[in-house]
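The file data09.pdb contains PDB, C-alpha atoms and all ligand atoms:
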ATOM      1  CA  MET A  30    -149.373 153.300 -21.302  1.00  0.00           C
ATOM      2  CA  LYS A  31    -148.910 151.243 -24.453  1.00  0.00           C
ATOM      3  CA  GLU A  32    -152.104 150.044 -26.124  1.00  0.00           C
ATOM      4  CA  PHE A  33    -152.808 146.324 -26.108  1.00  0.00           C
ATOM      5  CA  ASP A  34    -152.896 145.473 -29.832  1.00  0.00           C
ATOM      6  CA  LYS A  35    -155.350 142.585 -30.252  1.00  0.00           C
ATOM      7  CA  ASP A  36    -155.178 142.707 -34.058  1.00  0.00           C
ATOM      8  CA  LYS A  37    -151.416 142.238 -34.018  1.00  0.00           C
ATOM      9  CA  ILE A  38    -151.708 139.200 -31.745  1.00  0.00           C
ATOM     10  CA  GLN A  39    -154.331 137.679 -34.018  1.00  0.00           C
ATOM     11  CA  GLN A  40    -152.050 138.138 -37.034  1.00  0.00           C
ATOM     12  CA  ALA A  41    -149.131 136.643 -35.107  1.00  0.00           C
ATOM     13  CA  VAL A  42    -151.125 133.603 -33.985  1.00  0.00           C
ATOM     14  CA  THR A  43    -152.303 133.004 -37.547  1.00  0.00           C
ATOM     15  CA  MET A  44    -148.662 133.136 -38.662  1.00  0.00           C
ATOM     16  CA  ILE A  45    -147.588 130.679 -35.954  1.00  0.00           C
ATOM     17  CA  LEU A  46    -150.339 128.268 -36.981  1.00  0.00           C
ATOM     18  CA  GLU A  47    -149.195 128.523 -40.605  1.00  0.00           C
ATOM     19  CA  ALA A  48    -145.548 128.148 -39.580  1.00  0.00           C
ATOM     20  CA  ILE A  49    -146.154 124.890 -37.710  1.00  0.00           C
ATOM     21  CA  GLY A  50    -147.896 123.510 -40.791  1.00  0.00           C
ATOM     22  CA  GLU A  51    -151.467 123.927 -39.587  1.00  0.00           C
ATOM     23  CA  ASP A  52    -154.357 125.269 -41.629  1.00  0.00           C
ATOM     24  CA  PRO A  53    -155.697 128.386 -39.830  1.00  0.00           C
ATOM     25  CA  THR A  54    -158.816 128.252 -41.988  1.00  0.00           C
ATOM     26  CA  ARG A  55    -159.981 124.848 -40.767  1.00  0.00           C
ATOM     27  CA  GLU A  56    -163.071 125.029 -38.600  1.00  0.00           C
ATOM     28  CA  GLY A  57    -161.470 124.246 -35.226  1.00  0.00           C
ATOM     29  CA  LEU A  58    -158.835 126.953 -35.639  1.00  0.00           C
ATOM     30  CA  LEU A  59    -160.978 129.706 -37.162  1.00  0.00           C
ATOM     31  CA  ASP A  60    -161.521 131.581 -33.893  1.00  0.00           C
ATOM     32  CA  THR A  61    -158.222 130.583 -32.291  1.00  0.00           C
ATOM     33  CA  PRO A  62    -156.320 133.835 -33.057  1.00  0.00           C
ATOM     34  CA  LYS A  63    -159.213 135.817 -31.548  1.00  0.00           C
ATOM     35  CA  ARG A  64    -159.341 133.581 -28.472  1.00  0.00           C
ATOM     36  CA  VAL A  65    -155.591 133.782 -27.919  1.00  0.00           C
ATOM     37  CA  ALA A  66    -155.678 137.601 -28.218  1.00  0.00           C
ATOM     38  CA  LYS A  67    -158.450 137.731 -25.609  1.00  0.00           C
ATOM     39  CA  MET A  68    -156.536 135.360 -23.337  1.00  0.00           C
ATOM     40  CA  TYR A  69    -153.283 137.360 -23.646  1.00  0.00           C
ATOM     41  CA  GLU A  70    -155.129 140.545 -22.799  1.00  0.00           C
ATOM     42  CA  GLU A  71    -156.213 138.839 -19.571  1.00  0.00           C
ATOM     43  CA  VAL A  72    -152.957 137.131 -18.625  1.00  0.00           C
ATOM     44  CA  PHE A  73    -150.836 140.201 -19.406  1.00  0.00           C
ATOM     45  CA  GLN A  74    -153.130 142.794 -17.845  1.00  0.00           C
ATOM     46  CA  GLY A  75    -150.616 143.410 -15.052  1.00  0.00           C
ATOM     47  CA  LEU A  76    -148.417 145.311 -17.524  1.00  0.00           C
ATOM     48  CA  ASN A  77    -150.673 148.318 -16.996  1.00  0.00           C
ATOM     49  CA  GLN A  78    -150.533 148.130 -13.233  1.00  0.00           C
ATOM     50  CA  ASP A  79    -148.106 149.304 -10.603  1.00  0.00           C
ATOM     51  CA  PRO A  80    -148.290 147.150  -7.454  1.00  0.00           C
ATOM     52  CA  LYS A  81    -147.605 150.261  -5.370  1.00  0.00           C
ATOM     53  CA  ASP A  82    -150.942 151.757  -6.423  1.00  0.00           C
ATOM     54  CA  HIS A  83    -152.684 148.950  -4.532  1.00  0.00           C
ATOM     55  CA  PHE A  84    -151.010 149.922  -1.273  1.00  0.00           C
ATOM     56  CA  ALA A  85    -152.541 153.403  -1.382  1.00  0.00           C
ATOM     57  CA  THR A  86    -155.335 152.178   0.910  1.00  0.00           C
ATOM     58  CA  ILE A  87    -153.679 152.737   4.267  1.00  0.00           C
ATOM     59  CA  PHE A  88    -155.394 152.328   7.630  1.00  0.00           C
ATOM     60  CA  GLY A  89    -153.942 154.189  10.579  1.00  0.00           C
ATOM     61  CA  GLU A  90    -153.908 151.067  12.730  1.00  0.00           C
ATOM     62  CA  ASP A  91    -151.559 150.916  15.704  1.00  0.00           C
ATOM     63  CA  HIS A  92    -150.183 147.415  15.049  1.00  0.00           C
ATOM     64  CA  GLU A  93    -146.431 147.020  14.884  1.00  0.00           C
ATOM     65  CA  GLU A  94    -146.449 143.219  14.818  1.00  0.00           C
ATOM     66  CA  LEU A  95    -146.370 140.700  12.000  1.00  0.00           C
ATOM     67  CA  VAL A  96    -149.026 140.669   9.271  1.00  0.00           C
ATOM     68  CA  LEU A  97    -148.698 137.557   7.089  1.00  0.00           C
ATOM     69  CA  VAL A  98    -150.873 136.584   4.131  1.00  0.00           C
ATOM     70  CA  LYS A  99    -149.780 133.206   2.879  1.00  0.00           C
ATOM     71  CA  ASP A 100    -150.649 130.788   0.082  1.00  0.00           C
ATOM     72  CA  ILE A 101    -151.732 133.482  -2.392  1.00  0.00           C
ATOM     73  CA  PRO A 102    -152.105 131.524  -5.624  1.00  0.00           C
ATOM     74  CA  PHE A 103    -150.799 133.026  -8.864  1.00  0.00           C
ATOM     75  CA  TYR A 104    -150.261 132.242 -12.527  1.00  0.00           C
ATOM     76  CA  SER A 105    -147.573 133.973 -14.533  1.00  0.00           C
ATOM     77  CA  MET A 106    -145.834 133.561 -17.892  1.00  0.00           C
ATOM     78  CA  CYS A 107    -142.157 132.687 -18.155  1.00  0.00           C
ATOM     79  CA  GLU A 108    -140.590 135.494 -20.171  1.00  0.00           C
ATOM     80  CA  HIS A 109    -138.162 133.129 -21.891  1.00  0.00           C
ATOM     81  CA  HIS A 110    -140.659 130.633 -23.291  1.00  0.00           C
ATOM     82  CA  LEU A 111    -144.070 132.271 -22.813  1.00  0.00           C
ATOM     83  CA  VAL A 112    -145.401 129.205 -21.022  1.00  0.00           C
ATOM     84  CA  PRO A 113    -146.997 129.382 -17.578  1.00  0.00           C
ATOM     85  CA  PHE A 114    -145.352 129.099 -14.238  1.00  0.00           C
ATOM     86  CA  PHE A 115    -147.589 129.027 -11.220  1.00  0.00           C
ATOM     87  CA  GLY A 116    -147.638 128.541  -7.497  1.00  0.00           C
ATOM     88  CA  VAL A 117    -148.143 130.502  -4.313  1.00  0.00           C
ATOM     89  CA  ALA A 118    -146.763 133.681  -2.798  1.00  0.00           C
ATOM     90  CA  HIS A 119    -146.421 134.448   0.910  1.00  0.00           C
ATOM     91  CA  ILE A 120    -146.119 138.073   2.019  1.00  0.00           C
ATOM     92  CA  GLY A 121    -145.303 139.196   5.531  1.00  0.00           C
ATOM     93  CA  TYR A 122    -144.540 142.637   6.905  1.00  0.00           C
ATOM     94  CA  ILE A 123    -144.254 144.454  10.197  1.00  0.00           C
ATOM     95  CA  PRO A 124    -145.986 147.838   9.898  1.00  0.00           C
ATOM     96  CA  ARG A 125    -144.438 151.029  11.180  1.00  0.00           C
ATOM     97  CA  GLY A 126    -146.141 154.253  12.238  1.00  0.00           C
ATOM     98  CA  GLY A 127    -149.675 152.927  11.820  1.00  0.00           C
ATOM     99  CA  LYS A 128    -149.233 152.273   8.101  1.00  0.00           C
ATOM    100  CA  VAL A 129    -151.277 149.112   7.534  1.00  0.00           C
ATOM    101  CA  THR A 130    -152.676 148.280   4.101  1.00  0.00           C
ATOM    102  CA  GLY A 131    -155.735 146.193   3.217  1.00  0.00           C
ATOM    103  CA  LEU A 132    -155.076 142.436   3.215  1.00  0.00           C
ATOM    104  CA  SER A 133    -156.571 141.985  -0.244  1.00  0.00           C
ATOM    105  CA  LYS A 134    -154.145 144.624  -1.542  1.00  0.00           C
ATOM    106  CA  LEU A 135    -151.266 142.218  -0.954  1.00  0.00           C
ATOM    107  CA  ALA A 136    -152.970 139.691  -3.234  1.00  0.00           C
ATOM    108  CA  ARG A 137    -153.740 142.465  -5.751  1.00  0.00           C
ATOM    109  CA  ALA A 138    -150.059 143.405  -5.836  1.00  0.00           C
ATOM    110  CA  VAL A 139    -149.233 139.767  -6.625  1.00  0.00           C
ATOM    111  CA  GLU A 140    -151.745 139.891  -9.518  1.00  0.00           C
ATOM    112  CA  ALA A 141    -150.180 143.102 -10.837  1.00  0.00           C
ATOM    113  CA  VAL A 142    -146.663 141.683 -11.014  1.00  0.00           C
ATOM    114  CA  THR A 143    -147.495 138.135 -12.117  1.00  0.00           C
ATOM    115  CA  ARG A 144    -149.783 139.003 -15.016  1.00  0.00           C
ATOM    116  CA  ARG A 145    -146.958 139.855 -17.396  1.00  0.00           C
ATOM    117  CA  PRO A 146    -143.954 138.100 -18.948  1.00  0.00           C
ATOM    118  CA  GLN A 147    -141.895 137.423 -15.855  1.00  0.00           C
ATOM    119  CA  LEU A 148    -139.072 135.842 -13.905  1.00  0.00           C
ATOM    120  CA  GLN A 149    -139.795 134.405 -10.489  1.00  0.00           C
ATOM    121  CA  GLU A 150    -136.973 136.396  -8.870  1.00  0.00           C
ATOM    122  CA  ARG A 151    -138.392 139.655 -10.224  1.00  0.00           C
ATOM    123  CA  ILE A 152    -141.889 138.901  -8.897  1.00  0.00           C
ATOM    124  CA  THR A 153    -140.411 138.307  -5.459  1.00  0.00           C
ATOM    125  CA  SER A 154    -138.281 141.445  -5.258  1.00  0.00           C
ATOM    126  CA  HIS A 155    -140.817 143.704  -6.990  1.00  0.00           C
ATOM    127  CA  VAL A 156    -143.493 142.925  -4.388  1.00  0.00           C
ATOM    128  CA  ALA A 157    -141.013 143.341  -1.517  1.00  0.00           C
ATOM    129  CA  ASN A 158    -139.638 146.650  -2.824  1.00  0.00           C
ATOM    130  CA  SER A 159    -143.129 148.032  -3.510  1.00  0.00           C
ATOM    131  CA  LEU A 160    -144.105 147.392   0.110  1.00  0.00           C
ATOM    132  CA  VAL A 161    -140.927 149.018   1.400  1.00  0.00           C
ATOM    133  CA  GLU A 162    -141.382 152.086  -0.812  1.00  0.00           C
ATOM    134  CA  THR A 163    -145.020 152.697   0.072  1.00  0.00           C
ATOM    135  CA  LEU A 164    -145.453 151.578   3.698  1.00  0.00           C
ATOM    136  CA  ASP A 165    -141.898 151.960   5.020  1.00  0.00           C
ATOM    137  CA  PRO A 166    -142.457 148.973   7.357  1.00  0.00           C
ATOM    138  CA  HIS A 167    -139.999 147.593   9.939  1.00  0.00           C
ATOM    139  CA  GLY A 168    -139.562 144.524   7.771  1.00  0.00           C
ATOM    140  CA  VAL A 169    -140.853 142.683   4.706  1.00  0.00           C
ATOM    141  CA  ILE A 170    -140.554 139.065   3.633  1.00  0.00           C
ATOM    142  CA  VAL A 171    -141.827 137.659   0.365  1.00  0.00           C
ATOM    143  CA  VAL A 172    -141.512 133.957  -0.446  1.00  0.00           C
ATOM    144  CA  VAL A 173    -142.624 132.563  -3.801  1.00  0.00           C
ATOM    145  CA  GLU A 174    -142.923 128.846  -4.615  1.00  0.00           C
ATOM    146  CA  ALA A 175    -143.607 127.875  -8.215  1.00  0.00           C
ATOM    147  CA  GLU A 176    -143.611 125.145 -10.795  1.00  0.00           C
ATOM    148  CA  HIS A 177    -142.286 126.206 -14.194  1.00  0.00           C
ATOM    149  CA  MET A 178    -143.869 124.510 -17.175  1.00  0.00           C
ATOM    150  CA  CYS A 179    -140.770 125.279 -19.250  1.00  0.00           C
ATOM    151  CA  MET A 180    -139.010 122.817 -16.923  1.00  0.00           C
ATOM    152  CA  THR A 181    -141.777 120.225 -16.857  1.00  0.00           C
ATOM    153  CA  MET A 182    -143.519 119.939 -20.242  1.00  0.00           C
ATOM    154  CA  ARG A 183    -140.388 120.655 -22.313  1.00  0.00           C
ATOM    155  CA  GLY A 184    -136.626 121.065 -22.098  1.00  0.00           C
ATOM    156  CA  VAL A 185    -135.165 119.362 -19.057  1.00  0.00           C
ATOM    157  CA  LYS A 186    -138.596 117.782 -18.257  1.00  0.00           C
ATOM    158  CA  LYS A 187    -138.570 117.594 -14.474  1.00  0.00           C
ATOM    159  CA  PRO A 188    -142.225 117.492 -13.420  1.00  0.00           C
ATOM    160  CA  GLY A 189    -142.822 118.187  -9.747  1.00  0.00           C
ATOM    161  CA  SER A 190    -139.674 120.276  -9.331  1.00  0.00           C
ATOM    162  CA  LYS A 191    -140.338 123.470  -7.383  1.00  0.00           C
ATOM    163  CA  THR A 192    -138.459 126.757  -7.327  1.00  0.00           C
ATOM    164  CA  VAL A 193    -138.472 128.795  -4.127  1.00  0.00           C
ATOM    165  CA  THR A 194    -137.360 132.434  -4.048  1.00  0.00           C
ATOM    166  CA  SER A 195    -137.352 134.896  -1.185  1.00  0.00           C
ATOM    167  CA  ALA A 196    -136.795 138.595  -0.654  1.00  0.00           C
ATOM    168  CA  VAL A 197    -136.203 139.880   2.853  1.00  0.00           C
ATOM    169  CA  ARG A 198    -135.961 143.521   3.861  1.00  0.00           C
ATOM    170  CA  GLY A 199    -135.439 145.413   7.114  1.00  0.00           C
ATOM    171  CA  VAL A 200    -135.780 143.431  10.330  1.00  0.00           C
ATOM    172  CA  PHE A 201    -136.168 140.111   8.485  1.00  0.00           C
ATOM    173  CA  ALA A 202    -132.805 140.659   6.816  1.00  0.00           C
ATOM    174  CA  ASN A 203    -131.050 141.719  10.016  1.00  0.00           C
ATOM    175  CA  ASP A 204    -132.603 139.488  12.662  1.00  0.00           C
ATOM    176  CA  ALA A 205    -132.259 135.721  12.169  1.00  0.00           C
ATOM    177  CA  ALA A 206    -134.771 134.939  14.949  1.00  0.00           C
ATOM    178  CA  ALA A 207    -137.484 137.147  13.371  1.00  0.00           C
ATOM    179  CA  ARG A 208    -136.809 135.576   9.992  1.00  0.00           C
ATOM    180  CA  SER A 209    -136.957 132.007  11.266  1.00  0.00           C
ATOM    181  CA  GLU A 210    -140.187 132.741  13.161  1.00  0.00           C
ATOM    182  CA  VAL A 211    -141.949 133.998  10.036  1.00  0.00           C
ATOM    183  CA  LEU A 212    -140.536 131.176   7.904  1.00  0.00           C
ATOM    184  CA  GLY A 213    -141.945 128.727  10.466  1.00  0.00           C
ATOM    185  CA  LEU A 214    -145.369 130.348  10.159  1.00  0.00           C
ATOM    186  CA  ILE A 215    -145.170 130.160   6.364  1.00  0.00           C
ATOM    187  CA  ARG A 216    -144.289 126.443   6.547  1.00  0.00           C
ATOM    188  CA  SER A 217    -146.904 125.587   9.189  1.00  0.00           C
TER     189      SER A 217
HETATM  190  N1  LIG B   1    -133.702 132.472 -13.080  1.00  0.00           N
HETATM  191  C1  LIG B   1    -134.818 132.103 -13.711  1.00  0.00           C
HETATM  192  N2  LIG B   1    -134.719 131.308 -14.779  1.00  0.00           N
HETATM  193  C2  LIG B   1    -135.867 130.950 -15.393  1.00  0.00           C
HETATM  194  C3  LIG B   1    -137.142 131.350 -14.972  1.00  0.00           C
HETATM  195  N3  LIG B   1    -138.053 130.804 -15.803  1.00  0.00           N
HETATM  196  C4  LIG B   1    -137.360 130.081 -16.699  1.00  0.00           C
HETATM  197  N4  LIG B   1    -136.034 130.163 -16.458  1.00  0.00           N
HETATM  198  C5  LIG B   1    -134.885 129.550 -17.120  1.00  0.00           C
HETATM  199  O1  LIG B   1    -134.473 130.314 -18.216  1.00  0.00           O
HETATM  200  C6  LIG B   1    -133.460 129.564 -18.870  1.00  0.00           C
HETATM  201  C7  LIG B   1    -133.420 129.881 -20.353  1.00  0.00           C
HETATM  202  O2  LIG B   1    -132.312 129.194 -20.822  1.00  0.00           O
HETATM  203  P1  LIG B   1    -131.824 129.179 -22.356  1.00  0.00           P
HETATM  204  O3  LIG B   1    -130.625 128.299 -22.435  1.00  0.00           O
HETATM  205  O4  LIG B   1    -131.718 130.592 -22.837  1.00  0.00           O
HETATM  206  O5  LIG B   1    -133.084 128.567 -23.104  1.00  0.00           O
HETATM  207  P2  LIG B   1    -133.401 127.023 -23.453  1.00  0.00           P
HETATM  208  O6  LIG B   1    -132.415 126.500 -24.434  1.00  0.00           O
HETATM  209  O7  LIG B   1    -134.842 126.966 -23.841  1.00  0.00           O
HETATM  210  O8  LIG B   1    -133.144 126.320 -22.038  1.00  0.00           O
HETATM  211  P3  LIG B   1    -133.704 124.948 -21.426  1.00  0.00           P
HETATM  212  O9  LIG B   1    -134.935 125.300 -20.639  1.00  0.00           O
HETATM  213  O10 LIG B   1    -132.603 124.465 -20.524  1.00  0.00           O
HETATM  214  O11 LIG B   1    -134.015 124.020 -22.563  1.00  0.00           O
HETATM  215  C8  LIG B   1    -133.773 128.107 -18.533  1.00  0.00           C
HETATM  216  O12 LIG B   1    -132.725 127.627 -17.714  1.00  0.00           O
HETATM  217  C9  LIG B   1    -135.081 128.196 -17.715  1.00  0.00           C
HETATM  218  O13 LIG B   1    -135.170 127.187 -16.715  1.00  0.00           O
HETATM  219  C10 LIG B   1    -137.203 132.192 -13.827  1.00  0.00           C
HETATM  220  O14 LIG B   1    -138.271 132.631 -13.375  1.00  0.00           O
HETATM  221  N5  LIG B   1    -136.022 132.533 -13.238  1.00  0.00           N
HETATM  222 ZN    ZN B   2    -139.227 129.295 -19.365  1.00  0.00          ZN
END
Please go through the file and, once you have read it, give me the structure as structure tokens.
Ligand SMILES: Nc1nc2c(ncn2[C@@H]2O[C@H](COP(=O)(O)OP(=O)(O)OP(=O)(O)O)[C@@H](O)[C@H]2O)c(=O)[nH]1
Ligand SMILES: [Zn+2]
Amino acid sequence: MKEFDKDKIQQAVTMILEAIGEDPTREGLLDTPKRVAKMYEEVFQGLNQDPKDHFATIFGEDHEELVLVKDIPFYSMCEHHLVPFFGVAHIGYIPRGGKVTGLSKLARAVEAVTRRPQLQERITSHVANSLVETLDPHGVIVVVEAEHMCMTMRGVKKPGSKTVTSAVRGVFANDAAARSEVLGLIRS
């Protein structure tokens, strides 16, 4: 695991402030490099986590029907511009062989993959693949809806535009009826 280097971030933030023509020694900015370093440590803490570790809590519950946790809010950082993108994730799976994980662990997995420089597609497939690899369920569906600030506050400037990504595995990939049922539940 690579150490989180707060000092380096502070130096970098001071340099950015200087580069934009600000005075890093003026009162309002004095603690800014320290604050940004603390904030980055928080928003990038997922870099030290593997979402699969969260699925280690497995209950031997005999339920081979849909489990869906929807509207899990998240904040992430666009890896191209280092500005936030945020929204909700929906995770559904059909357990196999009694392998059911804790509901909160699905939300913890979302935290682990969103708290790092990211792409929305990668968040979606990383969560889906982690579930497949640890629980070996009959099927997994992950849908992520997000607003990207790099598309709203800058660049193309399209506030309100939403990006939706999905990853489907197993029965949800092979069975259109199962997929449309779960998508209906996500929308409802
Ligand atoms: N596929 C994908 N693209 C993303 C994501 N977040 C940001 N982007 C896009 O990354 C692209 C980067 O494009 P570039 O042309 O390299 O950078 P840019 O000149 O800043 O692009 P503009 O945003 O169009 O001004 C942009 O089209 C962003 O909309 C994401 O999660 N997934
Ligand atoms: Zn971006």
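Residues in contact with Leu95 in chain A at up to 7 Å, not including ones fewer than 6 positions away on its chain and judged by only C-alpha atoms, are Gly121, Tyr122 and Ile123 of chain A.
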Produce a file of the selected residues containing C-alpha atoms, as a tab-separated table (two decimals), in the coordinates of the input.
chain	number	residue	atom	x	y	z
A	121	GLY	CA	-145.30	139.20	5.53
A	122	TYR	CA	-144.54	142.64	6.90
A	123	ILE	CA	-144.25	144.45	10.20
Output of the PyMOL selection byres (((not hetatm)) within 6 of (chain B and resi 2)), listed as a list in words:
Cys107, His109, His110 and Cys179 of chain A
Write the residues of the selection above to a file with C-alpha atoms, as a compact mmCIF listing (two decimals), in the frame of the given file.
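As written to disk, result17.txt reads:
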# COMPACT_ATOMS: atom_id res chain seq x y z
CA CYS A 107 -142.16 132.69 -18.16
CA HIS A 109 -138.16 133.13 -21.89
CA HIS A 110 -140.66 130.63 -23.29
CA CYS A 179 -140.77 125.28 -19.25
Counting only C-alpha atoms and all ligand atoms, what are the residues, protein, DNA or RNA alike, that approach ligand LIG 1 (chain B) to within 8 Å? I want them as an MDAnalysis selection string.
chainID A and resid 107:110 114 147:151 177 179:180 183:185
Identify all residues satisfying the PyMOL selection byres (((chain A and resi 211) around 9) and not hetatm) in the given file; provide them as a list in words.
Leu95, Leu97, Gly121, Ile170, Phe201, Ala206, Ala207, Arg208, Ser209, Glu210, Leu212, Gly213, Leu214, Ile215 and Arg216 of chain A
So that I can check the surroundings of Met178 in chain A, please list as a PyMOL selection string every protein, DNA and RNA residue that reaches within 10 Å of it, counting only C-alpha atoms and ignoring chain neighbours fewer than 6 positions away.
chain A and resi 106-107+110-115+184+186-190
Which of A:Ile120, A:Thr192, A:Lys31, A:Asp204 sits closest to Val169 in chain A [using all atoms listed in the file]:
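Closest to Val169 in chain A of all the choices is A:Ile120.
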Using only C-alpha atoms for the distances, tell me which of A:Asp52, A:Asp34, A:Glu71, A:Glu174 is nearest to Ala141 in chain A.
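Comparing A:Asp52, A:Asp34, A:Glu71, A:Glu174 against Ala141 in chain A, the winner is A:Glu71.
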Given the PyMOL selection byres (((chain A and resi 160) around 12) and not hetatm) and the file above, list the residues it selects as a PDB file with C-alpha atoms, keeping the file's coordinate frame.
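result25.pdb was written with the following content:
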ATOM      1  CA  ASP A  79    -148.106 149.304 -10.603  1.00  0.00           C
ATOM      2  CA  PRO A  80    -148.290 147.150  -7.454  1.00  0.00           C
ATOM      3  CA  LYS A  81    -147.605 150.261  -5.370  1.00  0.00           C
ATOM      4  CA  ASP A  82    -150.942 151.757  -6.423  1.00  0.00           C
ATOM      5  CA  HIS A  83    -152.684 148.950  -4.532  1.00  0.00           C
ATOM      6  CA  PHE A  84    -151.010 149.922  -1.273  1.00  0.00           C
ATOM      7  CA  ALA A  85    -152.541 153.403  -1.382  1.00  0.00           C
ATOM      8  CA  ILE A  87    -153.679 152.737   4.267  1.00  0.00           C
ATOM      9  CA  ILE A 120    -146.119 138.073   2.019  1.00  0.00           C
ATOM     10  CA  GLY A 121    -145.303 139.196   5.531  1.00  0.00           C
ATOM     11  CA  TYR A 122    -144.540 142.637   6.905  1.00  0.00           C
ATOM     12  CA  ILE A 123    -144.254 144.454  10.197  1.00  0.00           C
ATOM     13  CA  PRO A 124    -145.986 147.838   9.898  1.00  0.00           C
ATOM     14  CA  ARG A 125    -144.438 151.029  11.180  1.00  0.00           C
ATOM     15  CA  LYS A 128    -149.233 152.273   8.101  1.00  0.00           C
ATOM     16  CA  VAL A 129    -151.277 149.112   7.534  1.00  0.00           C
ATOM     17  CA  THR A 130    -152.676 148.280   4.101  1.00  0.00           C
ATOM     18  CA  LYS A 134    -154.145 144.624  -1.542  1.00  0.00           C
ATOM     19  CA  LEU A 135    -151.266 142.218  -0.954  1.00  0.00           C
ATOM     20  CA  ALA A 138    -150.059 143.405  -5.836  1.00  0.00           C
ATOM     21  CA  VAL A 139    -149.233 139.767  -6.625  1.00  0.00           C
ATOM     22  CA  THR A 153    -140.411 138.307  -5.459  1.00  0.00           C
ATOM     23  CA  SER A 154    -138.281 141.445  -5.258  1.00  0.00           C
ATOM     24  CA  HIS A 155    -140.817 143.704  -6.990  1.00  0.00           C
ATOM     25  CA  VAL A 156    -143.493 142.925  -4.388  1.00  0.00           C
ATOM     26  CA  ALA A 157    -141.013 143.341  -1.517  1.00  0.00           C
ATOM     27  CA  ASN A 158    -139.638 146.650  -2.824  1.00  0.00           C
ATOM     28  CA  SER A 159    -143.129 148.032  -3.510  1.00  0.00           C
ATOM     29  CA  VAL A 161    -140.927 149.018   1.400  1.00  0.00           C
ATOM     30  CA  GLU A 162    -141.382 152.086  -0.812  1.00  0.00           C
ATOM     31  CA  THR A 163    -145.020 152.697   0.072  1.00  0.00           C
ATOM     32  CA  LEU A 164    -145.453 151.578   3.698  1.00  0.00           C
ATOM     33  CA  ASP A 165    -141.898 151.960   5.020  1.00  0.00           C
ATOM     34  CA  PRO A 166    -142.457 148.973   7.357  1.00  0.00           C
ATOM     35  CA  HIS A 167    -139.999 147.593   9.939  1.00  0.00           C
ATOM     36  CA  GLY A 168    -139.562 144.524   7.771  1.00  0.00           C
ATOM     37  CA  VAL A 169    -140.853 142.683   4.706  1.00  0.00           C
ATOM     38  CA  ILE A 170    -140.554 139.065   3.633  1.00  0.00           C
ATOM     39  CA  VAL A 171    -141.827 137.659   0.365  1.00  0.00           C
ATOM     40  CA  ALA A 196    -136.795 138.595  -0.654  1.00  0.00           C
ATOM     41  CA  VAL A 197    -136.203 139.880   2.853  1.00  0.00           C
ATOM     42  CA  ARG A 198    -135.961 143.521   3.861  1.00  0.00           C
ATOM     43  CA  GLY A 199    -135.439 145.413   7.114  1.00  0.00           C
TER      44      GLY A 199
END
Counting only C-alpha atoms, closest pick from A:Arg137, A:Lys99, A:Lys191, A:Lys67 relative to His119 in chain A is A:Lys99
Between A:Glu51, A:Val173, A:Gly126, A:Glu140, which residue has the minimum interatomic distance to Glu90 in chain A, considering all atoms listed in the file?
A:Gly126
From the options A:Ala118, A:Ile45, A:Ile38, A:Leu59, which residue's atoms come nearest to Ser105 in chain A, counting only C-alpha atoms?
A:Ala118
In terms of the shortest atom-to-atom distance over all atoms listed in the file, which of A:Glu47, A:Asp100, A:Gln74, A:Gln40 is closest to Pro62 in chain A?
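Closest to Pro62 in chain A, using all atoms listed in the file: A:Gln40.
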Let me know the centre plus edge lengths, in Å and rounded to one decimal, of a box with edges along x, y and z that contains all listed atoms of range 101-105 of chain A and is padded by 8 Å on every side, as JSON.
{"center_x": -149.8, "center_y": 132.7, "center_z": -8.5, "size_x": 20.5, "size_y": 18.4, "size_z": 28.1}
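The shell of residues at most 12 Å from Asp60 in chain A, with all atoms listed in the file counted and near chain neighbours (fewer than 4 positions) removed, consists of Gln39, Gln40, Val42, Thr43, Pro53, Thr54, Arg55, Glu56, Arg64, Val65, Ala66 and Lys67 of chain A.
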